[in-house]
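Colleague: Structure in structure tokens, see below.
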Amino acid sequence: CKVEQTFPHDVSSYTQGLFFQDGVLYESTGQYGESTMRKVDIATGAALQRMDFDSVYFAEGSCILGGKLYVLTWMEGVCFVMDPATFEITGQFPNKHQGWGLTTDGTDLIMSDGSSRLFWMDPATFTEKKSVSVTLNGHAVPYLNELEYIGGRIWANVYGKDQIVIIEPKSGVVEGLIDCRQLRTAFRNTSRTDVLNGIAYNPDTKETYLTGKYWPLMFKISIEKRDN
């Protein structure tokens with residue numbers, strides 16, 4: 001990927017979910033005692049609005065569908081339903097999977113659980129409608145993490161890799177790989193700097209942003225296509 005612009009990112013944010021809704025950047029962050037839901041000022045990285053989860057919850061991926069904000073928890077077996085305007089928790093669903101990444105195709109919620117499978121969940125009941133196994137050259141791709149639905153494809157962070165996979169939703173086949181290794185050269189890594197995680201696509205501007213857990217920067221990127 002090619003960096004088009006660089007922005008500050010809150011180094012206290014263990015980024016789990018990152019997405020745009022109506023031009024506003026939302027971010028959910030994890031870790032017990034640090035989990036938050038935020039609206040973020042891109043220019044400064046500061047939280048314009050913030051809600052702190054109870055310390056028993058490790059917040060994960062998030063997205064908005066049908067005027068409702070959905071936030072996964074990692075091991076707690078809960079998907080929270082929230083008011084996107086106020087961050088008030090209005091309900092919750094049980095989740096039998098681990099919660100990792102969450103996005104939407106406009107009809108269903110699409111969830112990852114750290115495995116090579118993606119799950120389509122009914123937003124009204126959070127029951128599983130279908131799942132697909134994600135493969136690259138016939139091999140399963142495990143550790144699928146943060147998700148973003150872009151142009152009919154699912155972009156996914158792979159936990160522990162500076163790489164994004166582009167997935168065809170019906171087949172689960174990886175159609176493209178995005179090399180993000182050079183993003184780390186833009187800042188000094190510390191013992192706290194964690195993995196690449198966070199993909200946000202703004203449909204209004206057709207711009208894509210990437211960041212990582214406890215990263216000091218967020219990047220607006222474009223894709224350079226290369227034939228192998």
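By convention here, the chains of the structure tokens are called A, B, ... in the order presented, each chain's residues are numbered starting at 1, and ligands are numbered starting at 1 in the order presented.
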So that I can check the surroundings of Leu183 of chain A, please list as a PyMOL selection string every protein, DNA and RNA residue that reaches within 12 Å of it, counting only C-alpha atoms and ignoring chain neighbours fewer than 3 positions away.
Modeller: chain A and resi 1-6+162-163+178-180+186-189+195-197+209-212+215-221
Colleague: Using only C-alpha atoms, which protein or nucleic acid residues come within 7 Å of Gly61 of chain A? Drop anything in the same chain fewer than 5 positions from it, and give the result as a ChimeraX atom specification.
Modeller: /A:16-17,28,71-72,100-102,146
Colleague: With a distance cut-off of 9 Å and only C-alpha atoms, select the neighbouring residues of Lys130 of chain A, excluding the residue or stretch itself and same-chain residues fewer than 4 positions from it, and output the selection as a list in words.
Modeller: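 The residues satisfying every condition are Leu118, Phe119, Trp120 and Met121 of chain A.
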Colleague: Segment 34-206 of chain A: which residues are strand (DSSP E) by DSSP, as a PyMOL selection string?
Modeller: chain A and resi 36-40+47-52+59-65+68-73+78-82+89-94+102-104+109-112+117-121+128-133+135-136+139-140+144-150+153-158+163-167+174-179+196-202
Colleague: Between A:Tyr14, A:Tyr149, A:Phe53, A:Phe19, which is the closest to Gly33 of chain A once you count only C-alpha atoms?
Modeller: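 Counting only C-alpha atoms, the residue closest to Gly33 of chain A is A:Phe53.
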Colleague: Considering only C-alpha atoms, can you say which of A:Ser13, A:Ser171, A:Gln31, A:Ser112 comes closest to Leu136 of chain A?
Modeller: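 Of all the options, A:Ser171 lies closest to Leu136 of chain A.
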Colleague: When you count only C-alpha atoms, which of these residues is closest to Ala47 of chain A: A:Glu168, A:Asp194, A:Asp10, A:Glu175?
Modeller: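 That would be A:Asp10, the residue with the smallest distance to Ala47 of chain A.
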Colleague: With DSSP run on the backbone, what are the helix (DSSP H, G or I) residues within segment 132-186 of chain A? I'd like them as a list in words.
Modeller: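 Those residues are Arg181, Gln182, Leu183, Arg184, Thr185 and Ala186 of chain A.
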Colleague: Mind dumping the selected residues with N, CA, C and O atoms as an mmCIF file, in the first residue's frame?
Modeller:
```
data_model
loop_
_atom_site.group_PDB
_atom_site.id
_atom_site.type_symbol
_atom_site.label_atom_id
_atom_site.label_comp_id
_atom_site.auth_asym_id
_atom_site.auth_seq_id
_atom_site.Cartn_x
_atom_site.Cartn_y
_atom_site.Cartn_z
ATOM 1 N N ARG A 181 3.910 -3.606 5.377
ATOM 2 C CA ARG A 181 5.109 -3.596 6.228
ATOM 3 C C ARG A 181 5.741 -2.213 6.346
ATOM 4 O O ARG A 181 6.294 -1.872 7.394
ATOM 5 N N GLN A 182 5.645 -1.425 5.274
ATOM 6 C CA GLN A 182 6.342 -0.136 5.306
ATOM 7 C C GLN A 182 5.688 0.868 6.243
ATOM 8 O O GLN A 182 6.307 1.877 6.597
ATOM 9 N N LEU A 183 4.448 0.613 6.696
ATOM 10 C CA LEU A 183 3.802 1.549 7.612
ATOM 11 C C LEU A 183 4.601 1.710 8.900
ATOM 12 O O LEU A 183 4.671 2.793 9.471
ATOM 13 N N ARG A 184 5.208 0.623 9.354
ATOM 14 C CA ARG A 184 5.962 0.672 10.612
ATOM 15 C C ARG A 184 7.228 1.524 10.525
ATOM 16 O O ARG A 184 7.780 1.916 11.560
ATOM 17 N N THR A 185 7.689 1.788 9.307
ATOM 18 C CA THR A 185 8.906 2.601 9.168
ATOM 19 C C THR A 185 8.633 4.077 9.445
ATOM 20 O O THR A 185 9.562 4.869 9.568
ATOM 21 N N ALA A 186 7.360 4.444 9.560
ATOM 22 C CA ALA A 186 6.993 5.853 9.744
ATOM 23 C C ALA A 186 7.039 6.281 11.208
ATOM 24 O O ALA A 186 6.890 7.463 11.516
#
```
Colleague: Which polymer residues have any atom within 7 Å of an atom of Met51 of chain A, counting only C-alpha atoms, with same-chain residues fewer than 6 positions away left out, as a compact mmCIF listing (two decimals) with N, CA, C and O atoms, in the first residue's frame?
Modeller:
```txt
# COMPACT_ATOMS: atom_id res chain seq x y z
N THR A 36 -13.02 0.83 25.21
CA THR A 36 -13.83 2.03 24.98
C THR A 36 -14.53 1.96 23.64
O THR A 36 -14.18 1.17 22.77
N MET A 37 -15.53 2.83 23.48
CA MET A 37 -16.13 3.16 22.19
C MET A 37 -15.95 4.66 22.01
O MET A 37 -16.22 5.42 22.92
N ARG A 38 -15.50 5.06 20.81
CA ARG A 38 -15.19 6.47 20.60
C ARG A 38 -15.63 6.96 19.23
O ARG A 38 -15.66 6.20 18.28
N PHE A 87 -24.01 6.40 22.64
CA PHE A 87 -23.26 5.25 23.16
C PHE A 87 -23.95 4.57 24.34
O PHE A 87 -23.33 3.80 25.08
```
Colleague: For Asp83 of chain A, please output as a list in words all residues within 6 Å (counting only C-alpha atoms; exclusion window: fewer than 2 positions along the same chain).
Modeller: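 Within the cut-off, the hits are Lys68, Leu69, Ala85, Thr86, Phe87 and Glu88 of chain A.
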Colleague: Give me, please, the distance in Å between atom CA of Ala124 of chain A and atom CA of Glu34 of chain A, quoted to one decimal.
Modeller: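 Between atom CA of Ala124 of chain A and atom CA of Glu34 of chain A the gap is 28.4 Å.
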Colleague: Given the choices A:Val174, A:Leu144, A:Cys79, A:Val132, which gets closest to Glu60 of chain A if the distance is worked out from only C-alpha atoms?
Modeller: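 For Glu60 of chain A, the nearest of the candidates is A:Cys79.
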Colleague: Between A:Asp108, A:Asp113, A:Asp41, A:Glu207, which residue has the minimum interatomic distance to Asn145 of chain A, considering only C-alpha atoms?
Modeller: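 Going through A:Asp108, A:Asp113, A:Asp41, A:Glu207 one by one, the smallest distance to Asn145 of chain A is for A:Asp113.
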Colleague: Smallest atom-to-atom distance to Glu128 of chain A: which of A:Ala200, A:Met82, A:Ile110, A:Ile150, using only C-alpha atoms?
Modeller: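 Among the listed residues, A:Ile110 lies closest to Glu128 of chain A.
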Colleague: Got a sec: who's within 8 Å of Gln92 of chain A, counting only C-alpha atoms, leaving out chain neighbours fewer than 6 positions off, as a short mmCIF file (atom, residue, chain, number, x, y, z; two decimals) with N, CA and C atoms, in the first residue's frame?
Modeller:
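New file out.cif:
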```cif
data_model
loop_
_atom_site.label_atom_id
_atom_site.label_comp_id
_atom_site.auth_asym_id
_atom_site.auth_seq_id
_atom_site.Cartn_x
_atom_site.Cartn_y
_atom_site.Cartn_z
N VAL A 78 -20.73 -11.90 24.66
CA VAL A 78 -21.75 -10.86 24.55
C VAL A 78 -21.46 -9.99 23.33
N CYS A 79 -22.52 -9.67 22.58
CA CYS A 79 -22.47 -8.59 21.60
C CYS A 79 -23.38 -7.48 22.09
N PHE A 80 -22.81 -6.31 22.36
CA PHE A 80 -23.61 -5.18 22.83
C PHE A 80 -24.28 -4.48 21.66
N VAL A 81 -25.50 -4.00 21.91
CA VAL A 81 -26.20 -3.12 20.97
C VAL A 81 -26.29 -1.75 21.62
#
```
Colleague: Atom CA of Ile64 of chain A and atom CA of Gln49 of chain A are how many Å apart?
Modeller: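 Value for the atom CA of Ile64 of chain A-atom CA of Gln49 of chain A distance: 16.0 Å.
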Colleague: Quick one: distance from atom CA of Thr135 of chain A to atom CA of Gly172 of chain A in Å, one decimal?
Modeller: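 About the pair atom CA of Thr135 of chain A and atom CA of Gly172 of chain A: they are 6.1 Å apart.
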